[in-house]
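Raw contents of upload-v1.csv, CSV, C-alpha atoms:
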chain,number,residue,atom,x,y,z
A,258,MET,CA,-4.2,2.6,-25.4
A,259,LYS,CA,-5.1,5.3,-22.8
A,260,VAL,CA,-2.6,7.6,-21.3
A,261,ILE,CA,-3.6,8.4,-17.7
A,262,PRO,CA,-1.8,11.2,-15.8
A,263,ALA,CA,-1.2,10.6,-12.1
A,264,ILE,CA,-1.7,12.9,-9.2
A,265,ASP,CA,-0.1,11.6,-6.0
A,266,LEU,CA,-1.3,13.4,-2.9
A,267,LEU,CA,0.7,13.8,0.3
A,268,GLY,CA,-0.3,16.4,2.8
A,269,GLY,CA,-2.7,17.9,0.3
A,270,ARG,CA,0.1,18.6,-2.2
A,271,CYS,CA,0.9,17.0,-5.6
A,272,VAL,CA,4.1,15.0,-5.2
A,273,ARG,CA,6.1,12.2,-6.7
A,274,LEU,CA,8.0,9.6,-4.7
A,275,PHE,CA,11.0,7.7,-6.1
A,276,GLN,CA,10.2,3.9,-6.1
A,277,GLY,CA,7.6,4.4,-3.4
A,278,ASP,CA,10.1,5.8,-0.9
A,279,TYR,CA,8.3,8.4,1.3
A,280,SER,CA,11.7,9.9,2.2
A,281,GLN,CA,12.4,10.7,-1.5
A,282,GLU,CA,9.6,13.1,-2.1
A,283,THR,CA,9.5,15.8,-4.8
A,284,VAL,CA,6.7,18.4,-4.5
A,285,TYR,CA,5.3,19.5,-7.9
A,286,SER,CA,2.4,21.6,-6.9
A,287,ASP,CA,0.7,23.0,-3.8
A,288,ASN,CA,-2.6,23.2,-5.8
A,289,PRO,CA,-3.5,19.7,-7.1
A,290,VAL,CA,-6.8,21.1,-8.4
A,291,GLU,CA,-4.9,23.3,-10.9
A,292,GLN,CA,-2.8,20.3,-11.9
A,293,ALA,CA,-5.9,18.2,-12.5
A,294,GLN,CA,-7.3,21.0,-14.7
A,295,LYS,CA,-4.1,21.1,-16.7
A,296,TRP,CA,-4.4,17.4,-17.5
A,297,GLN,CA,-8.1,17.9,-18.4
A,298,ASP,CA,-7.2,20.8,-20.7
A,299,ALA,CA,-4.5,18.7,-22.3
A,300,GLY,CA,-7.2,16.2,-23.3
A,301,CYS,CA,-6.8,13.3,-20.9
A,302,GLU,CA,-9.9,11.1,-20.4
A,303,ILE,CA,-9.4,10.1,-16.7
A,304,ILE,CA,-7.0,11.1,-13.9
A,305,HIS,CA,-5.4,8.7,-11.5
A,306,LEU,CA,-5.4,9.9,-7.9
A,307,VAL,CA,-3.3,8.3,-5.1
A,308,ASP,CA,-3.8,9.2,-1.5
A,309,LEU,CA,-0.3,8.4,-0.2
A,310,ASP,CA,-1.1,9.4,3.3
A,311,GLY,CA,-4.1,7.1,3.1
A,312,ALA,CA,-2.1,4.2,1.9
A,313,LYS,CA,0.0,4.3,5.0
A,314,ALA,CA,-2.9,5.1,7.4
A,315,GLY,CA,-5.3,2.6,6.0
A,316,ARG,CA,-8.1,5.2,5.5
A,317,ILE,CA,-8.8,8.0,3.0
A,318,THR,CA,-6.8,11.0,4.4
A,319,ASN,CA,-6.7,13.6,1.7
A,320,ARG,CA,-10.4,14.0,1.6
A,321,ASN,CA,-10.4,17.8,1.0
A,322,ALA,CA,-8.0,17.6,-1.9
A,323,VAL,CA,-9.8,14.7,-3.6
A,324,GLU,CA,-13.2,16.3,-3.3
A,325,LYS,CA,-11.9,19.6,-4.7
A,326,ILE,CA,-10.2,17.8,-7.6
A,327,CYS,CA,-13.3,15.9,-8.5
A,328,ALA,CA,-15.4,19.1,-8.3
A,329,GLY,CA,-12.8,21.1,-10.3
A,330,VAL,CA,-12.8,18.8,-13.4
A,331,LYS,CA,-15.4,17.4,-15.7
A,332,ILE,CA,-13.5,14.2,-16.5
A,333,PRO,CA,-13.7,11.1,-14.2
A,334,CYS,CA,-11.1,10.5,-11.5
A,335,GLU,CA,-10.1,7.2,-10.0
A,336,LEU,CA,-8.7,6.9,-6.4
A,337,GLY,CA,-6.4,4.5,-4.7
A,338,GLY,CA,-4.8,4.6,-1.3
A,339,GLY,CA,-6.4,3.7,2.0
A,340,ILE,CA,-9.6,2.1,0.6
A,341,ARG,CA,-10.0,-1.0,2.8
A,342,THR,CA,-13.8,-1.2,3.5
A,343,LEU,CA,-17.1,-0.7,1.7
A,344,ASP,CA,-17.6,2.5,3.7
A,345,ASP,CA,-14.2,3.8,2.5
A,346,ALA,CA,-15.4,3.2,-1.1
A,347,LYS,CA,-18.7,4.9,-0.4
A,348,LEU,CA,-16.9,7.9,1.0
A,349,ALA,CA,-14.7,8.0,-2.1
A,350,PHE,CA,-17.8,8.0,-4.4
A,351,ASP,CA,-19.4,10.7,-2.2
A,352,LEU,CA,-16.3,12.8,-2.7
A,353,GLY,CA,-16.9,12.5,-6.5
A,354,VAL,CA,-14.6,9.7,-7.5
A,355,SER,CA,-15.8,7.6,-10.4
A,356,ARG,CA,-14.0,4.4,-9.5
A,357,VAL,CA,-11.9,3.0,-6.6
A,358,ILE,CA,-8.7,1.1,-6.5
A,359,LEU,CA,-8.2,-1.7,-4.0
A,360,GLY,CA,-4.6,-2.6,-3.0
A,361,THR,CA,-3.6,-3.9,0.4
A,362,VAL,CA,-7.0,-5.3,1.3
A,363,ALA,CA,-7.4,-7.3,-2.0
A,364,CYS,CA,-3.9,-8.7,-1.6
A,365,GLU,CA,-4.5,-9.9,2.0
A,366,ASP,CA,-7.9,-11.3,1.2
A,367,PRO,CA,-8.8,-11.5,-2.5
A,368,ALA,CA,-12.4,-12.5,-1.6
A,369,VAL,CA,-12.9,-8.9,-0.5
A,370,ALA,CA,-12.7,-7.8,-4.1
A,371,GLU,CA,-15.8,-9.9,-4.8
A,372,GLN,CA,-17.6,-8.0,-2.1
A,373,PHE,CA,-16.7,-4.6,-3.6
A,374,ILE,CA,-17.7,-5.8,-7.0
A,375,LYS,CA,-21.1,-7.1,-5.7
A,376,ALA,CA,-21.7,-3.8,-4.0
A,377,PHE,CA,-20.6,-1.3,-6.7
A,378,GLY,CA,-20.1,-3.2,-10.0
A,379,SER,CA,-17.0,-4.4,-11.7
A,380,GLU,CA,-16.6,-1.2,-13.7
A,381,LYS,CA,-16.2,0.9,-10.5
A,382,VAL,CA,-13.7,-1.4,-8.8
A,383,LEU,CA,-10.1,-1.8,-9.8
A,384,VAL,CA,-7.3,-3.6,-8.1
A,385,GLY,CA,-3.8,-2.3,-8.0
A,386,ILE,CA,-1.0,-4.8,-7.8
A,387,ASP,CA,2.3,-3.3,-6.8
A,388,ALA,CA,5.2,-5.6,-7.5
A,389,LYS,CA,8.6,-5.7,-5.9
A,390,ASN,CA,10.9,-8.5,-6.9
A,391,GLY,CA,7.9,-10.6,-8.0
A,392,LYS,CA,6.1,-10.1,-4.7
A,393,VAL,CA,3.2,-7.8,-3.9
A,394,ALA,CA,4.0,-4.8,-1.7
A,395,VAL,CA,1.3,-3.5,0.6
A,396,ARG,CA,0.6,-0.5,2.9
A,397,GLY,CA,2.0,2.2,0.7
A,398,TRP,CA,4.7,-0.2,-0.6
A,399,ILE,CA,6.2,-0.3,2.8
A,400,GLU,CA,5.7,-4.1,3.5
A,401,ASP,CA,6.4,-7.2,1.5
A,402,SER,CA,3.3,-9.4,1.6
A,403,GLY,CA,5.2,-12.5,0.3
A,404,VAL,CA,2.3,-13.0,-2.2
A,405,ASP,CA,3.3,-13.9,-5.7
A,406,VAL,CA,2.2,-11.2,-8.2
A,407,PHE,CA,0.9,-13.5,-10.9
A,408,THR,CA,-0.8,-15.9,-8.5
A,409,LEU,CA,-2.7,-13.0,-7.0
A,410,ALA,CA,-3.7,-11.6,-10.5
A,411,GLN,CA,-5.1,-15.0,-11.5
A,412,ASP,CA,-7.0,-15.3,-8.3
A,413,LEU,CA,-8.5,-11.8,-8.6
A,414,TYR,CA,-9.4,-12.5,-12.3
A,415,LEU,CA,-11.3,-15.6,-11.4
A,416,ARG,CA,-13.2,-13.7,-8.7
A,417,GLY,CA,-14.5,-11.2,-11.3
A,418,VAL,CA,-12.0,-8.4,-11.3
A,419,ASN,CA,-11.8,-7.0,-14.8
A,420,ARG,CA,-9.3,-4.2,-14.5
A,421,ILE,CA,-5.9,-4.4,-12.8
A,422,ILE,CA,-3.3,-1.7,-12.4
A,423,TYR,CA,0.1,-3.3,-12.5
A,424,THR,CA,3.0,-1.2,-11.0
A,425,ASP,CA,6.6,-2.4,-11.0
A,426,ILE,CA,8.0,-0.5,-8.1
A,427,ALA,CA,11.6,-0.8,-9.3
A,428,THR,CA,10.6,1.2,-12.4
A,429,ASP,CA,8.5,3.8,-10.7
A,430,GLY,CA,10.0,7.2,-11.1
A,431,ALA,CA,13.2,5.8,-12.6
A,432,LEU,CA,12.3,6.7,-16.2
A,433,ASN,CA,14.0,3.6,-17.5
A,434,GLY,CA,11.0,2.1,-19.2
A,435,PRO,CA,8.4,-0.4,-18.0
A,436,ASN,CA,9.1,-4.0,-17.1
A,437,LEU,CA,8.0,-5.4,-20.5
A,438,PRO,CA,8.4,-9.1,-19.7
A,439,ASN,CA,6.2,-8.9,-16.6
A,440,VAL,CA,3.6,-6.8,-18.4
A,441,GLU,CA,3.5,-9.3,-21.2
A,442,LYS,CA,3.3,-12.3,-18.8
A,443,LEU,CA,0.5,-10.7,-16.7
A,444,CYS,CA,-1.6,-9.9,-19.8
A,445,SER,CA,-1.2,-13.4,-21.1
A,446,LEU,CA,-2.3,-14.9,-17.7
A,447,VAL,CA,-5.5,-12.9,-17.5
A,448,PRO,CA,-6.5,-12.5,-21.1
A,449,ASP,CA,-10.0,-11.1,-20.5
A,450,CYS,CA,-8.9,-8.7,-17.8
A,451,ASN,CA,-7.9,-5.1,-18.7
A,452,ILE,CA,-4.4,-4.3,-17.6
A,453,ILE,CA,-3.1,-0.8,-17.0
A,454,SER,CA,0.7,-0.5,-16.8
A,455,SER,CA,2.3,1.9,-14.3
A,456,GLY,CA,5.9,2.9,-13.8
A,457,GLY,CA,8.9,3.7,-15.9
A,458,ILE,CA,7.4,5.7,-18.8
A,459,SER,CA,10.0,8.2,-20.0
A,460,GLY,CA,8.4,9.2,-23.3
A,461,PRO,CA,6.8,8.1,-26.5
A,462,ILE,CA,9.4,5.4,-27.0
A,463,ASP,CA,8.1,3.5,-24.0
A,464,ILE,CA,4.6,3.7,-25.3
A,465,ASN,CA,5.8,2.3,-28.6
A,466,ARG,CA,7.5,-0.6,-26.8
A,467,LEU,CA,4.4,-1.5,-24.9
A,468,LYS,CA,2.3,-1.3,-28.1
A,469,GLY,CA,4.9,-3.5,-29.8
A,470,LEU,CA,3.9,-6.3,-27.4
A,471,ASN,CA,0.6,-6.5,-29.3
A,472,LEU,CA,-1.4,-7.3,-26.1
A,473,PRO,CA,-5.1,-6.7,-26.8
A,474,ASN,CA,-5.9,-6.4,-23.1
A,475,LEU,CA,-3.3,-3.8,-22.3
A,476,GLU,CA,-5.7,-0.9,-21.9
A,477,GLY,CA,-3.5,1.9,-20.8
A,478,VAL,CA,-0.5,3.4,-19.0
A,479,ILE,CA,-0.2,5.6,-16.0
A,480,VAL,CA,2.4,8.4,-16.2
A,481,GLY,CA,3.8,10.7,-13.6
A,482,LYS,CA,7.4,11.8,-13.3
A,483,ALA,CA,8.1,12.1,-17.1
A,484,LEU,CA,5.2,14.6,-17.4
A,485,TYR,CA,6.0,16.5,-14.2
A,486,ASP,CA,9.7,16.8,-15.1
A,487,GLY,CA,8.9,18.0,-18.6
A,488,ARG,CA,10.6,15.1,-20.3
A,489,THR,CA,7.6,14.7,-22.5
A,490,THR,CA,4.0,16.1,-22.9
A,491,TYR,CA,0.7,14.5,-22.6
A,492,GLN,CA,0.1,15.2,-26.3
A,493,GLU,CA,3.3,13.4,-27.3
A,494,LEU,CA,2.3,10.3,-25.3
A,495,GLU,CA,-1.3,10.4,-26.5
A,496,GLN,CA,-0.2,10.6,-30.1
A,497,ALA,CA,2.1,7.6,-29.7
A,498,ALA,CA,-0.7,5.7,-28.0
A,499,ARG,CA,-3.2,6.5,-30.8
A,500,LEU,CA,-1.0,5.6,-33.7
Structure translated into structure tokens:
Amino acid sequence: MKVIPAIDLLGGRCVRLFQGDYSQETVYSDNPVEQAQKWQDAGCEIIHLVDLDGAKAGRITNRNAVEKICAGVKIPCELGGGIRTLDDAKLAFDLGVSRVILGTVACEDPAVAEQFIKAFGSEKVLVGIDAKNGKVAVRGWIEDSGVDVFTLAQDLYLRGVNRIIYTDIATDGALNGPNLPNVEKLCSLVPDCNIISSGGISGPIDINRLKGLNLPNLEGVIVGKALYDGRTTYQELEQAARL
């Protein structure tokens, strides 16, 4: 299981939001490049970037920060937030991103994911499913799409998506552990699709709980607040994931 540190960008700074609430922002660094280099030095294999401004605006907004981060590290970075068109994805790749994450656009029209996969390949295109009370939240978690999380996942899976990031918004930033039943259900519904769980990780105990589900397609976890608040270290999480 991979441990993937997150860098959420808002106004060019590294921040964390509580359960996706833009009014509950904590700034952790004014220099996201330095933060990315810290994760690289800690031994992580990939960095998860989210353009929070872009998620609301519907276009990549933190271009400068993304480009500098990608240039400042040797490990790959993935980017989500505001990627709605093939041109948006091309821009992200030009900025140095290794793979892009579709959110709102794939929820509103799952067929779009097929277009991205055809253009760039399935290894370069992920879909992020952000869940709130069983429904998919879109546009930076601001709107409830009314779309069932598991129905969408199955649709995307049948369309060739082979990697999904599942975020339970209620757990995000709460440090109360991931939504284990939903992670288990999602993995079982799309058995040949790699699932990355995001939200709720407080420390190695949560890694162990996820591993205890014995889900072969649970590929990794994205971690933010627990690392930034010093509740745990990347090394502790990575050790738990490796055992």
Please report, as a tab-separated table, each residue of region 258-308 of chain A lying at most 10 Å from region 357-368 of chain A, together with the nearest pair of atoms and the separation in Å rounded to one decimal; use all atoms listed in the file, and order rows by chain and ascending residue number.
residue	atom	partner	partner_atom	distance
A:His305	CA	A:Ile358	CA	9.7
A:Leu306	CA	A:Ile358	CA	9.5
A:Val307	CA	A:Ile358	CA	9.1
Query raised in the report: CA of Gly457 (chain A) to CA of Pro435 (chain A): how many Å, to one decimal?
Result: 4.6 Å
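Shortest atom-to-atom contact with Glu476 (chain A) among A:Asp308, A:Asp449, A:Asp387, A:Asp412: A:Asp449, counting all atoms listed in the file.
Across the structure, CA of Pro438 (chain A) and CA of Val406 (chain A) are spaced 13.2 Å apart.
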Report summary line: Shortest contact to Cys301 (chain A), candidates A:Ala483, A:Val478, A:Val384, A:Leu446, atoms counted only C-alpha atoms, goes to A:Val478
Any idea what's packed within 7 Å of region 488-490 of chain A, counting all atoms listed in the file, ignoring anything in its chain fewer than 3 positions away? Could you give it as a PDB file with C-alpha atoms, in the frame of the given file?
ATOM      1  CA  SER A 459      10.000   8.200 -20.000  1.00  0.00           C
ATOM      2  CA  GLY A 460       8.400   9.200 -23.300  1.00  0.00           C
ATOM      3  CA  ALA A 483       8.100  12.100 -17.100  1.00  0.00           C
ATOM      4  CA  LEU A 484       5.200  14.600 -17.400  1.00  0.00           C
ATOM      5  CA  GLU A 493       3.300  13.400 -27.300  1.00  0.00           C
ATOM      6  CA  LEU A 494       2.300  10.300 -25.300  1.00  0.00           C
TER       7      LEU A 494
END
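As for CA of Tyr491 (chain A) and CA of Pro262 (chain A), they are spaced 8.0 Å apart.
With only C-alpha atoms as the atoms that count, the residue of A:Val272, A:Val440, A:Ala299, A:Ala394 with the shortest distance to Glu495 (chain A) is A:Ala299.
In this comparison, which uses all atoms listed in the file, the residue of A:Lys331, A:Lys389, A:Lys347, A:Arg416 approaching Ala370 (chain A) most closely is A:Arg416.
Compared by their closest atoms to Leu467 (chain A), and using all atoms listed in the file, the residues A:Met258, A:Ile426, A:Val284, A:Val290 rank with A:Met258 nearest.
Shortest separation to Gly477 (chain A) among A:Glu302, A:Asp351, A:Asp310, A:Glu324 occurs at residue A:Glu302, atoms counted being only C-alpha atoms.
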If I put a ball of radius 12 Å at (-17.6, -2.9, -14.5) in the file's coordinates, which residues poke into it when counting all atoms listed in the file, written as a short mmCIF file (atom, residue, chain, number, x, y, z; two decimals) with C-alpha atoms, in the frame of the given file?
data_model
loop_
_atom_site.label_atom_id
_atom_site.label_comp_id
_atom_site.auth_asym_id
_atom_site.auth_seq_id
_atom_site.Cartn_x
_atom_site.Cartn_y
_atom_site.Cartn_z
CA SER A 355 -15.80 7.60 -10.40
CA ARG A 356 -14.00 4.40 -9.50
CA VAL A 357 -11.90 3.00 -6.60
CA PHE A 373 -16.70 -4.60 -3.60
CA ILE A 374 -17.70 -5.80 -7.00
CA LYS A 375 -21.10 -7.10 -5.70
CA ALA A 376 -21.70 -3.80 -4.00
CA PHE A 377 -20.60 -1.30 -6.70
CA GLY A 378 -20.10 -3.20 -10.00
CA SER A 379 -17.00 -4.40 -11.70
CA GLU A 380 -16.60 -1.20 -13.70
CA LYS A 381 -16.20 0.90 -10.50
CA VAL A 382 -13.70 -1.40 -8.80
CA LEU A 383 -10.10 -1.80 -9.80
CA GLY A 417 -14.50 -11.20 -11.30
CA VAL A 418 -12.00 -8.40 -11.30
CA ASN A 419 -11.80 -7.00 -14.80
CA ARG A 420 -9.30 -4.20 -14.50
CA ILE A 421 -5.90 -4.40 -12.80
CA CYS A 450 -8.90 -8.70 -17.80
CA ASN A 451 -7.90 -5.10 -18.70
#
Requested in this report: Compile the contact shell of Asp265 (chain A) as a VMD selection string: residues with an atom at most 12 Å away, counting all atoms listed in the file, same-chain residues fewer than 2 positions apart removed.
Outcome: chain A and resid 262 to 263 267 to 275 277 279 282 to 290 292 to 293 304 to 312 319 322 to 323 326 335 to 338 397 479 to 482 485
Query raised in the report: Could you pull the residues within 8 Å of Lys468 (chain A), counting all atoms listed in the file, minus those fewer than 4 positions along the same chain, as an MDAnalysis selection string?
Result: chainID A and resid 464 472 498
Can you list, as a PDB file with C-alpha atoms, in the coordinates of the input, every protein, DNA or RNA residue that comes within 8 Å of Val393 (chain A) when you count all atoms listed in the file, leaving out same-chain residues fewer than 5 positions away?
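Output file out_3.pdb follows:
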ATOM      1  CA  CYS A 364      -3.900  -8.700  -1.600  1.00  0.00           C
ATOM      2  CA  ILE A 386      -1.000  -4.800  -7.800  1.00  0.00           C
ATOM      3  CA  ASP A 387       2.300  -3.300  -6.800  1.00  0.00           C
ATOM      4  CA  ALA A 388       5.200  -5.600  -7.500  1.00  0.00           C
ATOM      5  CA  ASP A 401       6.400  -7.200   1.500  1.00  0.00           C
ATOM      6  CA  SER A 402       3.300  -9.400   1.600  1.00  0.00           C
ATOM      7  CA  GLY A 403       5.200 -12.500   0.300  1.00  0.00           C
ATOM      8  CA  VAL A 404       2.300 -13.000  -2.200  1.00  0.00           C
ATOM      9  CA  ASP A 405       3.300 -13.900  -5.700  1.00  0.00           C
ATOM     10  CA  VAL A 406       2.200 -11.200  -8.200  1.00  0.00           C
TER      11      VAL A 406
END
